[in-house]
Amino acid sequence: MDPIALVAARFRESAQLKLSSVDALAPAIARAGSVLAASLRGGGKLLVCGNGGSAADAQHFSAELLGRYERERAGLPAIALHGDSSTVTAVANDYGYEHVFARQVQALGRPGDVLLAISTSGNSPGILRALEAAQQAGLGVVALTGRDGGALAPLLRPADIEIRVPAQITARIQEVHILILHCLCELIDELPR
Ligand SMILES: O=C(CO)[C@@H](O)[C@H](O)[C@H](O)[C@H](O)COP(=O)(O)O
Ligand SMILES: [Zn+2]
């Protein structure tokens, strides 16, 4: 494989996926922005979770809220749930890895908060448990998924928001997820709080 051709092909795939999915995704992204801004306006906080690259995306997003995105404002409350390594290792060791996010949602989540769950497959057990814990605790839910939405999609309630990237490859889905997260940052900064 010619490396330059490979790079060019990946750039084109990524750009084409973004262009071909914007019309389908924009309404749900706008709705999610309103839900997140309303939660923050009402004194709520955002709990964010994902595995692997999606954990990095969760932390990237929480950093942009706690710090800043593109405009000056006070820090906003957001917690990336994989970030506390002592809690993650203790809960995984004592209860199993699938409980790592759910346990924190149960402990930290309050009605009016929002869980932002990120999973390209929609099938990661820890994400499914976190979703159930959020629903039980009265949190709003925004889920970033891909493929067919996996086992997560049918668990969503009507008020929950799924933003599903219409692609099969994890990396391409993640590349759209990060664009979605930046749009959410901008909407949070733009919408009344
Ligand atoms: O970043 C990547 C692949 O691009 C990987 O680290 C990937 O995030 C991991 O395999 C995750 O465990 C996948 O989980 P999920 O998106 O299916 O929930
Ligand atoms: Zn990756």
# chains A, B, ... in the order shown; residues from 1 in each chain; ligands from 1
call {"tool": "residues_near_ligand", "arguments": {"ligand": "ligand 2", "cutoff": "8 Å", "atoms": "only C-alpha atoms and all ligand atoms", "output": "ChimeraX atom specification"}}
result
/A:52-54,170-171,174
call {"tool": "write_last_selection", "arguments": {"atoms": "C-alpha atoms", "output": "compact mmCIF listing (two decimals), in the first residue's frame"}}
result
# COMPACT_ATOMS: atom_id res chain seq x y z
CA GLY A 52 -10.41 3.82 25.03
CA GLY A 53 -10.48 6.59 22.44
CA SER A 54 -13.94 7.55 23.69
CA THR A 170 -14.65 2.75 14.98
CA ALA A 171 -12.01 5.31 14.04
CA GLN A 174 -14.78 8.65 16.65
call {"tool": "residues_near_ligand", "arguments": {"ligand": "ligand 1", "cutoff": "12 Å", "atoms": "only C-alpha atoms and all ligand atoms", "output": "JSON, numbers by chain"}}
result
{"A": [49, 50, 51, 52, 53, 54, 55, 56, 57, 58, 97, 98, 117, 118, 119, 120, 121, 122, 123, 124, 125, 126, 127, 128, 130, 143, 144, 145, 146, 147, 148, 149, 150, 151, 152, 164, 165, 168, 169, 170, 171, 172, 173, 174, 175, 176, 177, 178]}
call {"tool": "write_last_selection", "arguments": {"atoms": "N, CA and C atoms", "output": "compact mmCIF listing (two decimals), in the first residue's frame"}}
result
# COMPACT_ATOMS: atom_id res chain seq x y z
N CYS A 49 -18.76 9.63 29.95
CA CYS A 49 -18.02 8.36 30.00
C CYS A 49 -17.84 7.74 28.63
N GLY A 50 -16.75 7.00 28.50
CA GLY A 50 -16.43 6.25 27.29
C GLY A 50 -15.21 5.40 27.57
N ASN A 51 -14.93 4.48 26.69
CA ASN A 51 -13.76 3.59 26.83
C ASN A 51 -12.74 3.88 25.73
N GLY A 52 -11.46 3.70 26.04
CA GLY A 52 -10.41 3.82 25.03
C GLY A 52 -10.39 5.22 24.43
N GLY A 53 -10.47 5.29 23.10
CA GLY A 53 -10.48 6.59 22.44
C GLY A 53 -11.66 7.44 22.89
N SER A 54 -12.76 6.80 23.23
CA SER A 54 -13.94 7.55 23.69
C SER A 54 -13.75 8.07 25.12
N ALA A 55 -12.90 7.42 25.91
CA ALA A 55 -12.53 7.99 27.22
C ALA A 55 -11.74 9.28 26.99
N ALA A 56 -10.84 9.22 26.03
CA ALA A 56 -10.08 10.44 25.70
C ALA A 56 -11.03 11.54 25.23
N ASP A 57 -12.02 11.17 24.44
CA ASP A 57 -13.01 12.17 23.98
C ASP A 57 -13.81 12.73 25.15
N ALA A 58 -14.18 11.85 26.09
CA ALA A 58 -14.94 12.31 27.27
C ALA A 58 -14.12 13.34 28.05
N TYR A 97 -15.46 -4.57 36.01
CA TYR A 97 -15.25 -3.35 35.22
C TYR A 97 -16.56 -2.73 34.74
N GLU A 98 -17.56 -3.57 34.50
CA GLU A 98 -18.81 -3.02 33.95
C GLU A 98 -19.53 -2.08 34.92
N ALA A 117 -22.85 9.72 27.29
CA ALA A 117 -22.22 8.41 27.13
C ALA A 117 -21.73 8.27 25.69
N ILE A 118 -20.48 7.82 25.54
CA ILE A 118 -19.86 7.75 24.21
C ILE A 118 -19.44 6.31 23.93
N SER A 119 -20.01 5.71 22.89
CA SER A 119 -19.65 4.34 22.52
C SER A 119 -19.89 4.15 21.03
N THR A 120 -18.84 3.79 20.31
CA THR A 120 -19.01 3.64 18.86
C THR A 120 -19.88 2.44 18.51
N SER A 121 -19.83 1.41 19.37
CA SER A 121 -20.62 0.19 19.10
C SER A 121 -21.98 0.22 19.77
N GLY A 122 -22.07 0.98 20.87
CA GLY A 122 -23.28 0.92 21.70
C GLY A 122 -23.38 -0.38 22.47
N ASN A 123 -22.31 -1.14 22.53
CA ASN A 123 -22.37 -2.46 23.17
C ASN A 123 -21.46 -2.61 24.38
N SER A 124 -20.71 -1.59 24.77
CA SER A 124 -19.78 -1.74 25.89
C SER A 124 -20.57 -1.89 27.20
N PRO A 125 -20.35 -2.97 27.94
CA PRO A 125 -21.18 -3.23 29.13
C PRO A 125 -21.15 -2.09 30.15
N GLY A 126 -19.99 -1.47 30.34
CA GLY A 126 -19.90 -0.38 31.31
C GLY A 126 -20.76 0.82 30.92
N ILE A 127 -20.89 1.04 29.63
CA ILE A 127 -21.71 2.15 29.13
C ILE A 127 -23.19 1.82 29.31
N LEU A 128 -23.54 0.57 29.05
CA LEU A 128 -24.95 0.16 29.22
C LEU A 128 -25.37 0.27 30.68
N ALA A 130 -24.02 2.26 32.91
CA ALA A 130 -24.06 3.69 33.24
C ALA A 130 -25.39 4.30 32.80
N ALA A 143 -26.46 10.19 24.22
CA ALA A 143 -25.56 9.10 23.83
C ALA A 143 -24.99 9.35 22.45
N LEU A 144 -23.68 9.28 22.32
CA LEU A 144 -23.01 9.33 21.02
C LEU A 144 -22.66 7.90 20.65
N THR A 145 -23.21 7.42 19.53
CA THR A 145 -23.01 6.04 19.14
C THR A 145 -22.60 5.98 17.67
N GLY A 146 -22.60 4.75 17.13
CA GLY A 146 -22.33 4.52 15.72
C GLY A 146 -22.97 3.20 15.31
N ARG A 147 -22.57 2.72 14.14
CA ARG A 147 -23.10 1.44 13.61
C ARG A 147 -24.62 1.40 13.70
N ASP A 148 -25.16 0.38 14.43
CA ASP A 148 -26.63 0.30 14.53
C ASP A 148 -27.12 0.74 15.92
N GLY A 149 -26.26 1.40 16.67
CA GLY A 149 -26.64 1.84 18.02
C GLY A 149 -26.49 0.75 19.06
N GLY A 150 -26.26 -0.48 18.61
CA GLY A 150 -25.98 -1.60 19.51
C GLY A 150 -27.09 -1.87 20.51
N ALA A 151 -26.70 -2.44 21.65
CA ALA A 151 -27.66 -2.78 22.71
C ALA A 151 -28.16 -1.53 23.42
N LEU A 152 -27.44 -0.43 23.24
CA LEU A 152 -27.81 0.81 23.93
C LEU A 152 -29.10 1.41 23.35
N ARG A 164 -26.33 9.13 16.48
CA ARG A 164 -25.71 7.91 15.93
C ARG A 164 -25.02 8.21 14.61
N VAL A 165 -23.72 8.02 14.58
CA VAL A 165 -22.95 8.29 13.37
C VAL A 165 -23.14 7.11 12.41
N GLN A 168 -19.46 2.29 10.10
CA GLN A 168 -19.15 1.00 10.71
C GLN A 168 -17.77 0.97 11.36
N ILE A 169 -16.86 1.82 10.93
CA ILE A 169 -15.47 1.74 11.39
C ILE A 169 -15.29 2.64 12.63
N THR A 170 -14.77 2.03 13.71
CA THR A 170 -14.65 2.75 14.98
C THR A 170 -13.94 4.09 14.84
N ALA A 171 -12.81 4.08 14.15
CA ALA A 171 -12.01 5.31 14.04
C ALA A 171 -12.78 6.41 13.32
N ARG A 172 -13.48 6.06 12.23
CA ARG A 172 -14.25 7.08 11.50
C ARG A 172 -15.38 7.61 12.39
N ILE A 173 -16.02 6.72 13.13
CA ILE A 173 -17.10 7.16 14.03
C ILE A 173 -16.54 8.13 15.06
N GLN A 174 -15.39 7.78 15.63
CA GLN A 174 -14.78 8.65 16.65
C GLN A 174 -14.43 10.02 16.06
N GLU A 175 -14.01 10.04 14.80
CA GLU A 175 -13.65 11.33 14.20
C GLU A 175 -14.87 12.23 14.06
N VAL A 176 -16.03 11.63 13.87
CA VAL A 176 -17.25 12.46 13.85
C VAL A 176 -17.67 12.80 15.28
N HIS A 177 -17.48 11.86 16.21
CA HIS A 177 -17.82 12.16 17.62
C HIS A 177 -17.09 13.41 18.11
N ILE A 178 -15.82 13.54 17.78
CA ILE A 178 -15.08 14.70 18.32
C ILE A 178 -15.60 15.99 17.69
call {"tool": "select_by_dssp", "arguments": {"residues": "chain A", "states": "alpha helix (DSSP H)", "output": "PyMOL selection string"}}
result
chain A and resi 3-41+53-66+85-95+100-108+125-137+170-190
call {"tool": "residues_around", "arguments": {"residues": "Arg157 in chain A", "least_positions_apart": "5", "cutoff": "12 Å", "atoms": "only C-alpha atoms", "output": "list in words"}}
result
Leu131, Glu132, Ala134, Gln135, Gln136, Gly138, Leu139, Gly140, Val141, Val142, Ala143, Leu152 and Glu162 of chain A
call {"tool": "write_last_selection", "arguments": {"atoms": "N, CA and C atoms", "output": "short mmCIF file (atom, residue, chain, number, x, y, z; two decimals), in the first residue's frame"}}
result
data_model
loop_
_atom_site.label_atom_id
_atom_site.label_comp_id
_atom_site.auth_asym_id
_atom_site.auth_seq_id
_atom_site.Cartn_x
_atom_site.Cartn_y
_atom_site.Cartn_z
N LEU A 131 -25.83 3.89 31.62
CA LEU A 131 -27.11 4.39 31.10
C LEU A 131 -28.25 4.00 32.04
N GLU A 132 -28.26 2.75 32.45
CA GLU A 132 -29.33 2.29 33.36
C GLU A 132 -29.28 3.04 34.68
N ALA A 134 -28.12 6.03 35.18
CA ALA A 134 -28.57 7.41 34.95
C ALA A 134 -30.09 7.48 34.89
N GLN A 135 -30.68 6.52 34.21
CA GLN A 135 -32.15 6.52 34.11
C GLN A 135 -32.78 6.31 35.47
N GLN A 136 -32.20 5.43 36.26
CA GLN A 136 -32.74 5.20 37.61
C GLN A 136 -32.61 6.42 38.51
N GLY A 138 -32.64 9.55 37.55
CA GLY A 138 -33.35 10.72 37.06
C GLY A 138 -32.48 11.72 36.31
N LEU A 139 -31.39 11.22 35.71
CA LEU A 139 -30.55 12.09 34.89
C LEU A 139 -31.08 12.14 33.46
N GLY A 140 -30.81 13.22 32.75
CA GLY A 140 -30.98 13.23 31.31
C GLY A 140 -29.87 12.41 30.66
N VAL A 141 -30.10 11.97 29.44
CA VAL A 141 -29.11 11.14 28.75
C VAL A 141 -28.89 11.65 27.33
N VAL A 142 -27.62 11.83 27.00
CA VAL A 142 -27.21 12.05 25.60
C VAL A 142 -26.21 10.96 25.28
N ALA A 143 -26.46 10.19 24.22
CA ALA A 143 -25.56 9.10 23.83
C ALA A 143 -24.99 9.35 22.45
N LEU A 152 -27.44 -0.43 23.24
CA LEU A 152 -27.81 0.81 23.93
C LEU A 152 -29.10 1.41 23.35
N GLU A 162 -30.09 10.15 21.25
CA GLU A 162 -28.99 9.39 20.65
C GLU A 162 -28.51 10.13 19.41
#
call {"tool": "select_by_dssp", "arguments": {"residues": "range 34-97 of chain A", "states": "strand (DSSP E or B)", "output": "JSON, numbers by chain"}}
result
{"A": [46, 47, 48, 49, 50, 78, 79, 80]}
call {"tool": "write_last_selection", "arguments": {"atoms": "C-alpha atoms", "output": "compact mmCIF listing (two decimals), in the first residue's frame"}}
result
# COMPACT_ATOMS: atom_id res chain seq x y z
CA LEU A 46 -22.45 16.66 33.15
CA LEU A 47 -21.10 13.15 33.77
CA VAL A 48 -19.20 11.89 30.74
CA CYS A 49 -18.02 8.36 30.00
CA GLY A 50 -16.43 6.25 27.29
CA ALA A 78 -18.31 18.26 34.01
CA ILE A 79 -16.67 15.04 35.18
CA ALA A 80 -15.01 12.45 32.93
call {"tool": "closest_atom_pairs", "arguments": {"of": "range 155-191 of chain A", "to": "range 62-69 of chain A", "cutoff": "9 Å", "atoms": "only C-alpha atoms", "output": "Markdown table"}}
result
| residue | atom | partner | partner_atom | distance |
| --- | --- | --- | --- | --- |
| A:His182 | CA | A:Tyr69 | CA | 8.3 |
| A:Cys185 | CA | A:Tyr69 | CA | 6.5 |
| A:Glu186 | CA | A:Tyr69 | CA | 7.3 |
| A:Ile188 | CA | A:Leu65 | CA | 8.9 |
| A:Asp189 | CA | A:Tyr69 | CA | 8.1 |
call {"tool": "write_last_selection", "arguments": {"atoms": "N, CA and C atoms", "output": "PDB file, in the first residue's frame"}}
result
ATOM      1  N   HIS A 182     -17.257  19.125  19.806  1.00  0.00           N
ATOM      2  CA  HIS A 182     -16.899  20.538  19.643  1.00  0.00           C
ATOM      3  C   HIS A 182     -18.137  21.381  19.322  1.00  0.00           C
ATOM      4  N   CYS A 185     -19.823  21.960  22.623  1.00  0.00           N
ATOM      5  CA  CYS A 185     -19.130  23.018  23.377  1.00  0.00           C
ATOM      6  C   CYS A 185     -19.576  24.385  22.892  1.00  0.00           C
ATOM      7  N   GLU A 186     -19.640  24.540  21.582  1.00  0.00           N
ATOM      8  CA  GLU A 186     -19.997  25.855  21.028  1.00  0.00           C
ATOM      9  C   GLU A 186     -21.455  26.182  21.329  1.00  0.00           C
ATOM     10  N   ILE A 188     -23.182  25.136  23.885  1.00  0.00           N
ATOM     11  CA  ILE A 188     -23.256  25.462  25.317  1.00  0.00           C
ATOM     12  C   ILE A 188     -22.805  26.907  25.538  1.00  0.00           C
ATOM     13  N   ASP A 189     -21.782  27.329  24.822  1.00  0.00           N
ATOM     14  CA  ASP A 189     -21.302  28.714  24.965  1.00  0.00           C
ATOM     15  C   ASP A 189     -22.273  29.727  24.364  1.00  0.00           C
TER      16      ASP A 189
END
call {"tool": "atom_distance", "arguments": {"atom1": "CA of Gly83 in chain A", "atom2": "CA of Arg31 in chain A"}}
result
27.2 Å
call {"tool": "atom_distance", "arguments": {"atom1": "CA of Pro3 in chain A", "atom2": "CA of Leu19 in chain A"}}
result
24.4 Å
call {"tool": "residues_around", "arguments": {"residues": "Ser39 in chain A", "least_positions_apart": "4", "cutoff": "9 Å", "atoms": "only C-alpha atoms", "output": "PyMOL selection string"}}
result
chain A and resi 34-35+43-46+112-114+140+193
call {"tool": "atom_distance", "arguments": {"atom1": "CA of Arg71 in chain A", "atom2": "CA of Leu191 in chain A"}}
result
12.8 Å
